[in-house]
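Below: query19.pdb (PDB, C-alpha atoms)
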```pdb
ATOM      1  CA  MET A 181      -9.376-107.809 -26.591  1.00  0.00           C
ATOM      2  CA  THR A 182      -7.124-108.262 -23.573  1.00  0.00           C
ATOM      3  CA  THR A 183      -7.757-106.889 -20.131  1.00  0.00           C
ATOM      4  CA  SER A 184      -5.242-105.422 -17.729  1.00  0.00           C
ATOM      5  CA  ASP A 185      -4.362-106.848 -14.312  1.00  0.00           C
ATOM      6  CA  SER A 186      -7.249-104.919 -12.769  1.00  0.00           C
ATOM      7  CA  GLY A 187      -9.748-106.718 -15.026  1.00  0.00           C
ATOM      8  CA  TYR A 188     -10.493-103.648 -17.119  1.00  0.00           C
ATOM      9  CA  VAL A 189      -9.821-103.046 -20.793  1.00  0.00           C
ATOM     10  CA  PRO A 190      -7.307-100.180 -21.073  1.00  0.00           C
ATOM     11  CA  ALA A 191      -8.579 -96.797 -22.298  1.00  0.00           C
ATOM     12  CA  ARG A 192      -6.300 -96.968 -25.339  1.00  0.00           C
ATOM     13  CA  VAL A 193      -9.146 -98.797 -27.142  1.00  0.00           C
ATOM     14  CA  LEU A 194     -10.794 -95.365 -27.282  1.00  0.00           C
ATOM     15  CA  LYS A 195      -8.029 -94.017 -29.520  1.00  0.00           C
ATOM     16  CA  PHE A 196      -8.901 -94.110 -33.203  1.00  0.00           C
ATOM     17  CA  GLN A 197      -6.442 -93.710 -36.079  1.00  0.00           C
ATOM     18  CA  LEU A 198      -8.275 -91.377 -38.462  1.00  0.00           C
ATOM     19  CA  GLY A 199      -5.412 -89.934 -40.498  1.00  0.00           C
ATOM     20  CA  PHE A 200      -7.012 -91.384 -43.628  1.00  0.00           C
ATOM     21  CA  LEU A 201     -10.076 -89.179 -43.019  1.00  0.00           C
ATOM     22  CA  LEU A 202      -7.952 -86.085 -42.550  1.00  0.00           C
ATOM     23  CA  GLU A 203      -6.316 -86.804 -45.905  1.00  0.00           C
ATOM     24  CA  GLY A 204      -9.737 -87.405 -47.483  1.00  0.00           C
ATOM     25  CA  THR A 205     -12.331 -84.999 -48.795  1.00  0.00           C
ATOM     26  CA  ARG A 206     -14.979 -83.136 -46.822  1.00  0.00           C
ATOM     27  CA  GLY A 207     -18.009 -85.275 -46.150  1.00  0.00           C
ATOM     28  CA  GLN A 208     -16.099 -88.571 -46.124  1.00  0.00           C
ATOM     29  CA  VAL A 209     -17.542 -90.876 -43.448  1.00  0.00           C
ATOM     30  CA  SER A 210     -16.202 -93.780 -41.424  1.00  0.00           C
ATOM     31  CA  GLU A 211     -18.314 -95.796 -38.991  1.00  0.00           C
ATOM     32  CA  THR A 212     -17.338 -98.183 -36.235  1.00  0.00           C
ATOM     33  CA  GLU A 213     -19.242-100.390 -33.828  1.00  0.00           C
ATOM     34  CA  LEU A 214     -18.123-100.595 -30.189  1.00  0.00           C
ATOM     35  CA  ASP A 215     -18.681-103.564 -27.889  1.00  0.00           C
ATOM     36  CA  ILE A 216     -16.177-103.209 -25.067  1.00  0.00           C
ATOM     37  CA  PRO A 217     -16.435-105.006 -21.707  1.00  0.00           C
ATOM     38  CA  ARG A 218     -15.320-103.459 -18.390  1.00  0.00           C
ATOM     39  CA  LEU A 219     -13.488-100.309 -19.372  1.00  0.00           C
ATOM     40  CA  ARG A 220     -11.543 -97.780 -17.315  1.00  0.00           C
ATOM     41  CA  VAL A 221     -12.240 -94.558 -19.227  1.00  0.00           C
ATOM     42  CA  ALA A 222     -10.197 -92.408 -16.806  1.00  0.00           C
ATOM     43  CA  GLU A 223      -8.812 -92.723 -13.281  1.00  0.00           C
ATOM     44  CA  ASP A 224     -12.158 -91.637 -11.839  1.00  0.00           C
ATOM     45  CA  VAL A 225     -14.552 -93.231 -14.368  1.00  0.00           C
ATOM     46  CA  THR A 226     -15.007 -96.943 -15.024  1.00  0.00           C
ATOM     47  CA  VAL A 227     -17.855 -98.595 -16.887  1.00  0.00           C
ATOM     48  CA  ASP A 228     -19.116-102.165 -16.934  1.00  0.00           C
ATOM     49  CA  PHE A 229     -19.544-102.130 -20.727  1.00  0.00           C
ATOM     50  CA  LEU A 230     -19.611 -99.726 -23.666  1.00  0.00           C
ATOM     51  CA  ARG A 231     -21.716-100.473 -26.742  1.00  0.00           C
ATOM     52  CA  GLY A 232     -22.906 -98.474 -29.691  1.00  0.00           C
ATOM     53  CA  LYS A 233     -22.114 -97.065 -33.095  1.00  0.00           C
ATOM     54  CA  LEU A 234     -19.872 -94.103 -33.846  1.00  0.00           C
ATOM     55  CA  ARG A 235     -19.691 -92.095 -37.041  1.00  0.00           C
ATOM     56  CA  PHE A 236     -16.641 -90.009 -37.939  1.00  0.00           C
ATOM     57  CA  ILE A 237     -17.272 -87.322 -40.577  1.00  0.00           C
ATOM     58  CA  ARG A 238     -14.524 -85.253 -42.232  1.00  0.00           C
ATOM     59  CA  THR A 239     -15.293 -81.522 -42.052  1.00  0.00           C
ATOM     60  CA  GLY A 240     -13.368 -78.419 -43.067  1.00  0.00           C
ATOM     61  CA  ARG A 241     -11.830 -78.083 -39.572  1.00  0.00           C
ATOM     62  CA  GLY A 242     -11.377 -81.714 -38.535  1.00  0.00           C
ATOM     63  CA  ILE A 243     -13.539 -84.722 -37.656  1.00  0.00           C
ATOM     64  CA  LEU A 244     -17.125 -84.595 -36.374  1.00  0.00           C
ATOM     65  CA  VAL A 245     -17.885 -87.482 -34.012  1.00  0.00           C
ATOM     66  CA  GLN A 246     -21.534 -88.552 -33.753  1.00  0.00           C
ATOM     67  CA  GLY A 247     -23.144 -91.525 -32.126  1.00  0.00           C
ATOM     68  CA  THR A 248     -25.119 -93.008 -29.299  1.00  0.00           C
ATOM     69  CA  LEU A 249     -23.379 -95.218 -26.793  1.00  0.00           C
ATOM     70  CA  HIS A 250     -24.901 -97.396 -24.087  1.00  0.00           C
ATOM     71  CA  THR A 251     -22.995 -98.078 -20.925  1.00  0.00           C
ATOM     72  CA  GLY A 252     -23.427 -99.300 -17.383  1.00  0.00           C
ATOM     73  CA  ILE A 253     -21.863 -97.959 -14.225  1.00  0.00           C
ATOM     74  CA  PHE A 254     -22.122 -98.917 -10.566  1.00  0.00           C
ATOM     75  CA  LEU A 255     -23.226 -96.384  -7.940  1.00  0.00           C
ATOM     76  CA  GLU A 256     -24.087 -96.669  -4.260  1.00  0.00           C
ATOM     77  CA  CYS A 257     -27.758 -96.734  -3.282  1.00  0.00           C
ATOM     78  CA  ARG A 258     -28.443 -93.557  -1.322  1.00  0.00           C
ATOM     79  CA  ARG A 259     -30.321 -95.443   1.413  1.00  0.00           C
ATOM     80  CA  CYS A 260     -28.495 -98.751   1.946  1.00  0.00           C
ATOM     81  CA  LEU A 261     -25.118 -98.088   0.245  1.00  0.00           C
ATOM     82  CA  THR A 262     -25.389-101.279  -1.832  1.00  0.00           C
ATOM     83  CA  GLU A 263     -23.566-101.157  -5.163  1.00  0.00           C
ATOM     84  CA  THR A 264     -26.286-100.683  -7.781  1.00  0.00           C
ATOM     85  CA  PRO A 265     -26.003-100.986 -11.580  1.00  0.00           C
ATOM     86  CA  VAL A 266     -27.154 -97.931 -13.540  1.00  0.00           C
ATOM     87  CA  ALA A 267     -27.651 -97.905 -17.322  1.00  0.00           C
ATOM     88  CA  LEU A 268     -26.712 -94.742 -19.215  1.00  0.00           C
ATOM     89  CA  GLU A 269     -27.271 -93.623 -22.780  1.00  0.00           C
ATOM     90  CA  ILE A 270     -24.641 -91.199 -24.041  1.00  0.00           C
ATOM     91  CA  ALA A 271     -25.363 -89.081 -27.116  1.00  0.00           C
ATOM     92  CA  LEU A 272     -22.158 -87.802 -28.682  1.00  0.00           C
ATOM     93  CA  GLU A 273     -21.736 -84.973 -31.156  1.00  0.00           C
ATOM     94  CA  GLU A 274     -18.406 -83.189 -30.968  1.00  0.00           C
ATOM     95  CA  LEU A 275     -15.981 -81.648 -33.416  1.00  0.00           C
ATOM     96  CA  TYR A 276     -12.339 -82.681 -33.045  1.00  0.00           C
ATOM     97  CA  VAL A 277     -10.259 -80.029 -34.759  1.00  0.00           C
ATOM     98  CA  PHE A 278      -6.925 -80.639 -36.462  1.00  0.00           C
ATOM     99  CA  GLN A 279      -5.428 -77.213 -35.816  1.00  0.00           C
ATOM    100  CA  PRO A 280      -7.117 -75.845 -32.680  1.00  0.00           C
ATOM    101  CA  ARG A 281      -7.757 -72.137 -32.197  1.00  0.00           C
ATOM    102  CA  THR A 282      -8.373 -72.413 -28.443  1.00  0.00           C
ATOM    103  CA  ALA A 283      -7.205 -74.787 -25.713  1.00  0.00           C
ATOM    104  CA  GLU A 284     -10.797 -75.794 -24.887  1.00  0.00           C
ATOM    105  CA  GLU A 285     -11.375 -77.596 -28.167  1.00  0.00           C
ATOM    106  CA  PHE A 286     -11.014 -81.352 -28.603  1.00  0.00           C
ATOM    107  CA  THR A 287      -8.144 -82.051 -30.961  1.00  0.00           C
ATOM    108  CA  ILE A 288      -6.689 -84.710 -33.217  1.00  0.00           C
ATOM    109  CA  ASP A 289      -2.980 -85.464 -32.819  1.00  0.00           C
ATOM    110  CA  GLU A 290      -0.641 -84.698 -35.688  1.00  0.00           C
ATOM    111  CA  ASP A 291      -0.387 -88.425 -36.316  1.00  0.00           C
ATOM    112  CA  GLY A 292      -4.162 -88.590 -36.933  1.00  0.00           C
ATOM    113  CA  VAL A 293      -5.136 -90.171 -33.584  1.00  0.00           C
ATOM    114  CA  LEU A 294      -8.459 -89.125 -32.068  1.00  0.00           C
ATOM    115  CA  ASP A 295      -8.747 -89.874 -28.324  1.00  0.00           C
ATOM    116  CA  LEU A 296     -12.403 -90.320 -27.368  1.00  0.00           C
ATOM    117  CA  ALA A 297     -11.697 -90.909 -23.641  1.00  0.00           C
ATOM    118  CA  PRO A 298     -11.796 -87.253 -22.438  1.00  0.00           C
ATOM    119  CA  LEU A 299     -15.111 -86.580 -24.205  1.00  0.00           C
ATOM    120  CA  LEU A 300     -16.600 -89.853 -23.000  1.00  0.00           C
ATOM    121  CA  ARG A 301     -15.505 -89.115 -19.421  1.00  0.00           C
ATOM    122  CA  GLN A 302     -17.249 -85.727 -19.511  1.00  0.00           C
ATOM    123  CA  GLU A 303     -20.437 -87.138 -20.979  1.00  0.00           C
ATOM    124  CA  ILE A 304     -20.607 -90.008 -18.474  1.00  0.00           C
ATOM    125  CA  ILE A 305     -20.168 -87.593 -15.569  1.00  0.00           C
ATOM    126  CA  LEU A 306     -22.901 -85.338 -16.966  1.00  0.00           C
ATOM    127  CA  GLU A 307     -25.307 -88.276 -17.439  1.00  0.00           C
ATOM    128  CA  THR A 308     -24.653 -89.840 -14.017  1.00  0.00           C
ATOM    129  CA  PRO A 309     -27.675 -89.381 -11.750  1.00  0.00           C
ATOM    130  CA  ILE A 310     -27.097 -87.561  -8.468  1.00  0.00           C
ATOM    131  CA  THR A 311     -28.898 -90.184  -6.389  1.00  0.00           C
ATOM    132  CA  VAL A 312     -29.719 -93.818  -7.021  1.00  0.00           C
ATOM    133  CA  LEU A 313     -31.957 -96.326  -5.254  1.00  0.00           C
ATOM    134  CA  CYS A 314     -31.289-100.067  -5.485  1.00  0.00           C
ATOM    135  CA  LYS A 315     -35.081-100.524  -5.544  1.00  0.00           C
ATOM    136  CA  PRO A 316     -37.981 -98.085  -5.061  1.00  0.00           C
ATOM    137  CA  ASP A 317     -38.921 -99.499  -1.642  1.00  0.00           C
ATOM    138  CA  CYS A 318     -35.371 -99.689  -0.250  1.00  0.00           C
ATOM    139  CA  LEU A 319     -35.487 -99.733   3.556  1.00  0.00           C
ATOM    140  CA  GLY A 320     -31.986 -98.353   4.054  1.00  0.00           C
ATOM    141  CA  LEU A 321     -29.706 -98.897   7.041  1.00  0.00           C
ATOM    142  CA  CYS A 322     -30.570 -99.099  10.715  1.00  0.00           C
ATOM    143  CA  PRO A 323     -29.580 -95.755  12.258  1.00  0.00           C
ATOM    144  CA  GLU A 324     -28.324 -97.520  15.403  1.00  0.00           C
ATOM    145  CA  CYS A 325     -26.265-100.511  14.195  1.00  0.00           C
ATOM    146  CA  GLY A 326     -25.963 -99.913  10.434  1.00  0.00           C
ATOM    147  CA  HIS A 327     -27.561-103.240   9.434  1.00  0.00           C
ATOM    148  CA  ASN A 328     -29.031-103.310   5.915  1.00  0.00           C
ATOM    149  CA  LEU A 329     -32.777-103.531   6.604  1.00  0.00           C
ATOM    150  CA  ASN A 330     -33.417-104.998   3.142  1.00  0.00           C
ATOM    151  CA  GLU A 331     -31.720-108.174   4.423  1.00  0.00           C
ATOM    152  CA  GLY A 332     -34.026-108.452   7.436  1.00  0.00           C
ATOM    153  CA  ALA A 333     -34.693-106.736  10.734  1.00  0.00           C
ATOM    154  CA  CYS A 334     -31.851-105.971  13.115  1.00  0.00           C
ATOM    155  CA  GLN A 335     -31.782-106.679  16.870  1.00  0.00           C
ATOM    156  CA  CYS A 336     -31.837-103.026  17.959  1.00  0.00           C
ATOM    157  CA  GLN A 337     -34.465-101.834  20.417  1.00  0.00           C
ATOM    158  CA  VAL A 338     -35.304 -98.607  18.635  1.00  0.00           C
ATOM    159  CA  GLU A 339     -38.010 -96.411  20.025  1.00  0.00           C
ATOM    160  CA  ALA A 340     -40.074 -94.618  17.434  1.00  0.00           C
ATOM    161  CA  VAL A 341     -39.484 -91.201  19.015  1.00  0.00           C
ATOM    162  CA  ASP A 342     -38.027 -88.327  17.089  1.00  0.00           C
ATOM    163  CA  PRO A 343     -34.926 -87.234  19.040  1.00  0.00           C
ATOM    164  CA  ARG A 344     -35.952 -83.602  18.598  1.00  0.00           C
ATOM    165  CA  LEU A 345     -38.983 -84.369  20.770  1.00  0.00           C
ATOM    166  CA  ALA A 346     -36.992 -86.066  23.560  1.00  0.00           C
ATOM    167  CA  ALA A 347     -37.276 -83.008  25.802  1.00  0.00           C
ATOM    168  CA  LEU A 348     -41.075 -83.068  25.519  1.00  0.00           C
ATOM    169  CA  ARG A 349     -41.123 -86.776  26.306  1.00  0.00           C
ATOM    170  CA  ALA A 350     -39.000 -86.189  29.400  1.00  0.00           C
ATOM    171  CA  LEU A 351     -41.398 -83.433  30.492  1.00  0.00           C
ATOM    172  CA  ARG A 352     -44.396 -85.731  29.931  1.00  0.00           C
ATOM    173  CA  ASP A 353     -42.767 -88.497  31.946  1.00  0.00           C
ATOM    174  CA  ARG A 354     -41.921 -86.055  34.768  1.00  0.00           C
ATOM    175  CA  LEU A 355     -45.468 -84.632  34.822  1.00  0.00           C
ATOM    176  CA  SER A 356     -47.129 -88.048  34.734  1.00  0.00           C
ATOM    177  CA  GLY A 357     -44.791 -89.180  37.578  1.00  0.00           C
ATOM    178  CA  ALA A 358     -45.802 -86.124  39.695  1.00  0.00           C
ATOM    179  CA  SER A 359     -49.541 -86.761  39.263  1.00  0.00           C
ATOM    180  CA  GLU A 360     -49.334 -90.314  40.622  1.00  0.00           C
TER     181      GLU A 360
END
```
Target encoding structure tokens, full file:
Amino acid sequence: MTTSDSGYVPARVLKFQLGFLLEGTRGQVSETELDIPRLRVAEDVTVDFLRGKLRFIRTGRGILVQGTLHTGIFLECRRCLTETPVALEIALEELYVFQPRTAEEFTIDEDGVLDLAPLLRQEIILETPITVLCKPDCLGLCPECGHNLNEGACQCQVEAVDPRLAALRALRDRLSGASE
């Protein structure tokens, strides 16, 4: 398998020629095993790997795709912004119809090509967690200088005062100055 200039396998590996199933009888099955490194599924979705088994089943309306795929993506830690690997398990079960009745349905081209990329993109987006931590005890970034506190302390002289209480602190300092 060759990779493109960007280091990713092109998404065309997610196109399957299944014309032989369309010509076959209902219930005919074809299985394939995927083990793809660094893959750009769509412009906005890239994965570090894609592994798993897919089953294509001929039905009366088209091809039913079933399978479980394992993949890895990289997301930013919500506290320190470090790129963090996240493992995902994608369960697929979708009917690709040969002659669609609506525009929302996944379809098979007239030449028998089934493009798995749009379905995979949707499923990856749905399975992506909203927030990620690089580790449970991530210390985050210094609010003053932006230093990653997981790499050590920064040189900032940060007072442990909530800025919302600054007015009360000023009042305390003024009152304690008046009593002296």
Can you spell out as an mmCIF file with C-alpha atoms, in the coordinates of the input the set of residues that the PyMOL selection byres ((chain A and resi 324) around 8) selects in the structure I just provided?
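The resulting out.cif:
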```cif
data_model
loop_
_atom_site.group_PDB
_atom_site.id
_atom_site.type_symbol
_atom_site.label_atom_id
_atom_site.label_comp_id
_atom_site.auth_asym_id
_atom_site.auth_seq_id
_atom_site.Cartn_x
_atom_site.Cartn_y
_atom_site.Cartn_z
ATOM 1 C CA CYS A 322 -30.570 -99.099 10.715
ATOM 2 C CA PRO A 323 -29.580 -95.755 12.258
ATOM 3 C CA CYS A 325 -26.265 -100.511 14.195
ATOM 4 C CA GLY A 326 -25.963 -99.913 10.434
ATOM 5 C CA CYS A 336 -31.837 -103.026 17.959
ATOM 6 C CA VAL A 338 -35.304 -98.607 18.635
#
```
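Residues within 7 Å of Leu214 in chain A, counting all atoms listed in the file and excluding same-chain residues fewer than 4 positions away, are Leu230, Arg231, Gly232 and Lys233 of chain A.
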Residues matched by the PyMOL selection byres ((chain A and resi 286) around 7) as a count of residues only:
6
Shortest interatomic distance to Cys257 in chain A - which of A:Ala333, A:Thr282, A:Glu303, A:Pro316, counting all atoms listed in the file:
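Nearest candidate to Cys257 in chain A out of A:Ala333, A:Thr282, A:Glu303, A:Pro316: A:Pro316.
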Closest of A:Leu268, A:Val245, A:Leu321, A:Ala283 to Asp228 in chain A, counting all atoms listed in the file, is A:Leu268
Which one of A:Val189, A:Ile243, A:Cys314, A:Leu306 sits closest to Gly204 in chain A if you count all atoms listed in the file?
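Looking at the shortest contact to Gly204 in chain A, the residue is A:Ile243.
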Fewer than 6 positions away in the same chain doesn't count, so skip those; otherwise give me all residues within 10 Å of Leu329 in chain A, counting all atoms listed in the file, as a list in words.
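Result of the neighbour search: Arg259, Cys260, Cys318, Leu319, Gly320, Leu321 and Cys322 of chain A.
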Can you spit out the residues from that selection as a PDB file, in the frame of the given file, using C-alpha atoms?
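This is the output file again_37.pdb:
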```pdb
ATOM      1  CA  ARG A 259     -30.321 -95.443   1.413  1.00  0.00           C
ATOM      2  CA  CYS A 260     -28.495 -98.751   1.946  1.00  0.00           C
ATOM      3  CA  CYS A 318     -35.371 -99.689  -0.250  1.00  0.00           C
ATOM      4  CA  LEU A 319     -35.487 -99.733   3.556  1.00  0.00           C
ATOM      5  CA  GLY A 320     -31.986 -98.353   4.054  1.00  0.00           C
ATOM      6  CA  LEU A 321     -29.706 -98.897   7.041  1.00  0.00           C
ATOM      7  CA  CYS A 322     -30.570 -99.099  10.715  1.00  0.00           C
TER       8      CYS A 322
END
```
Final N, CA and C atoms of range 289-321 of chain A as an mmCIF file, keeping the file's coordinate frame:
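Output below, filename result15.cif:
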```cif
data_model
loop_
_atom_site.group_PDB
_atom_site.id
_atom_site.type_symbol
_atom_site.label_atom_id
_atom_site.label_comp_id
_atom_site.auth_asym_id
_atom_site.auth_seq_id
_atom_site.Cartn_x
_atom_site.Cartn_y
_atom_site.Cartn_z
ATOM 1 N N ASP A 289 -4.444 -85.537 -32.799
ATOM 2 C CA ASP A 289 -2.980 -85.464 -32.819
ATOM 3 C C ASP A 289 -2.474 -85.308 -34.250
ATOM 4 N N GLU A 290 -1.249 -84.861 -34.358
ATOM 5 C CA GLU A 290 -0.641 -84.698 -35.688
ATOM 6 C C GLU A 290 -0.517 -86.018 -36.425
ATOM 7 N N ASP A 291 -0.481 -87.117 -35.667
ATOM 8 C CA ASP A 291 -0.387 -88.425 -36.316
ATOM 9 C C ASP A 291 -1.764 -88.989 -36.693
ATOM 10 N N GLY A 292 -2.820 -88.186 -36.521
ATOM 11 C CA GLY A 292 -4.162 -88.590 -36.933
ATOM 12 C C GLY A 292 -4.926 -89.389 -35.895
ATOM 13 N N VAL A 293 -4.469 -89.396 -34.639
ATOM 14 C CA VAL A 293 -5.136 -90.171 -33.584
ATOM 15 C C VAL A 293 -6.145 -89.294 -32.861
ATOM 16 N N LEU A 294 -7.373 -89.790 -32.773
ATOM 17 C CA LEU A 294 -8.459 -89.125 -32.068
ATOM 18 C C LEU A 294 -8.704 -89.898 -30.780
ATOM 19 N N ASP A 295 -8.544 -89.239 -29.631
ATOM 20 C CA ASP A 295 -8.747 -89.874 -28.324
ATOM 21 C C ASP A 295 -10.140 -89.526 -27.821
ATOM 22 N N LEU A 296 -11.014 -90.523 -27.768
ATOM 23 C CA LEU A 296 -12.403 -90.320 -27.368
ATOM 24 C C LEU A 296 -12.572 -90.304 -25.843
ATOM 25 N N ALA A 297 -11.572 -90.768 -25.093
ATOM 26 C CA ALA A 297 -11.697 -90.909 -23.641
ATOM 27 C C ALA A 297 -12.063 -89.613 -22.916
ATOM 28 N N PRO A 298 -11.412 -88.465 -23.173
ATOM 29 C CA PRO A 298 -11.796 -87.253 -22.438
ATOM 30 C C PRO A 298 -13.253 -86.828 -22.673
ATOM 31 N N LEU A 299 -13.720 -86.925 -23.904
ATOM 32 C CA LEU A 299 -15.111 -86.580 -24.205
ATOM 33 C C LEU A 299 -16.056 -87.560 -23.522
ATOM 34 N N LEU A 300 -15.751 -88.836 -23.606
ATOM 35 C CA LEU A 300 -16.600 -89.853 -23.000
ATOM 36 C C LEU A 300 -16.661 -89.681 -21.483
ATOM 37 N N ARG A 301 -15.537 -89.364 -20.867
ATOM 38 C CA ARG A 301 -15.505 -89.115 -19.421
ATOM 39 C C ARG A 301 -16.455 -87.979 -19.060
ATOM 40 N N GLN A 302 -16.374 -86.865 -19.780
ATOM 41 C CA GLN A 302 -17.249 -85.727 -19.511
ATOM 42 C C GLN A 302 -18.716 -86.087 -19.654
ATOM 43 N N GLU A 303 -19.032 -86.786 -20.726
ATOM 44 C CA GLU A 303 -20.437 -87.138 -20.979
ATOM 45 C C GLU A 303 -20.980 -88.114 -19.939
ATOM 46 N N ILE A 304 -20.173 -89.059 -19.508
ATOM 47 C CA ILE A 304 -20.607 -90.008 -18.474
ATOM 48 C C ILE A 304 -20.867 -89.270 -17.169
ATOM 49 N N ILE A 305 -19.975 -88.360 -16.805
ATOM 50 C CA ILE A 305 -20.168 -87.593 -15.569
ATOM 51 C C ILE A 305 -21.438 -86.760 -15.656
ATOM 52 N N LEU A 306 -21.691 -86.145 -16.805
ATOM 53 C CA LEU A 306 -22.901 -85.338 -16.966
ATOM 54 C C LEU A 306 -24.174 -86.177 -16.911
ATOM 55 N N GLU A 307 -24.125 -87.408 -17.402
ATOM 56 C CA GLU A 307 -25.307 -88.276 -17.439
ATOM 57 C C GLU A 307 -25.525 -89.059 -16.148
ATOM 58 N N THR A 308 -24.538 -89.075 -15.254
ATOM 59 C CA THR A 308 -24.653 -89.840 -14.017
ATOM 60 C C THR A 308 -25.684 -89.189 -13.104
ATOM 61 N N PRO A 309 -26.670 -89.960 -12.650
ATOM 62 C CA PRO A 309 -27.675 -89.381 -11.750
ATOM 63 C C PRO A 309 -27.057 -89.013 -10.398
ATOM 64 N N ILE A 310 -27.617 -88.013 -9.753
ATOM 65 C CA ILE A 310 -27.097 -87.561 -8.468
ATOM 66 C C ILE A 310 -27.364 -88.599 -7.386
ATOM 67 N N THR A 311 -28.565 -89.161 -7.382
ATOM 68 C CA THR A 311 -28.898 -90.184 -6.389
ATOM 69 C C THR A 311 -29.468 -91.403 -7.093
ATOM 70 N N VAL A 312 -29.264 -92.547 -6.469
ATOM 71 C CA VAL A 312 -29.719 -93.818 -7.021
ATOM 72 C C VAL A 312 -30.324 -94.644 -5.894
ATOM 73 N N LEU A 313 -31.388 -95.362 -6.191
ATOM 74 C CA LEU A 313 -31.957 -96.326 -5.254
ATOM 75 C C LEU A 313 -31.792 -97.718 -5.841
ATOM 76 N N CYS A 314 -31.428 -98.690 -4.999
ATOM 77 C CA CYS A 314 -31.289 -100.067 -5.485
ATOM 78 C C CYS A 314 -32.651 -100.627 -5.879
ATOM 79 N N LYS A 315 -33.700 -100.189 -5.200
ATOM 80 C CA LYS A 315 -35.081 -100.524 -5.544
ATOM 81 C C LYS A 315 -35.969 -99.447 -4.947
ATOM 82 N N PRO A 316 -37.142 -99.212 -5.519
ATOM 83 C CA PRO A 316 -37.981 -98.085 -5.061
ATOM 84 C C PRO A 316 -38.362 -98.161 -3.583
ATOM 85 N N ASP A 317 -38.512 -99.359 -3.043
ATOM 86 C CA ASP A 317 -38.921 -99.499 -1.642
ATOM 87 C C ASP A 317 -37.751 -99.870 -0.727
ATOM 88 N N CYS A 318 -36.553 -99.404 -1.056
ATOM 89 C CA CYS A 318 -35.371 -99.689 -0.250
ATOM 90 C C CYS A 318 -35.595 -99.206 1.182
ATOM 91 N N LEU A 319 -35.276 -100.061 2.150
ATOM 92 C CA LEU A 319 -35.487 -99.733 3.556
ATOM 93 C C LEU A 319 -34.304 -99.015 4.189
ATOM 94 N N GLY A 320 -33.155 -99.064 3.540
ATOM 95 C CA GLY A 320 -31.986 -98.353 4.054
ATOM 96 C C GLY A 320 -31.253 -99.094 5.150
ATOM 97 N N LEU A 321 -30.513 -98.345 5.951
ATOM 98 C CA LEU A 321 -29.706 -98.897 7.041
ATOM 99 C C LEU A 321 -30.326 -98.530 8.382
#
```
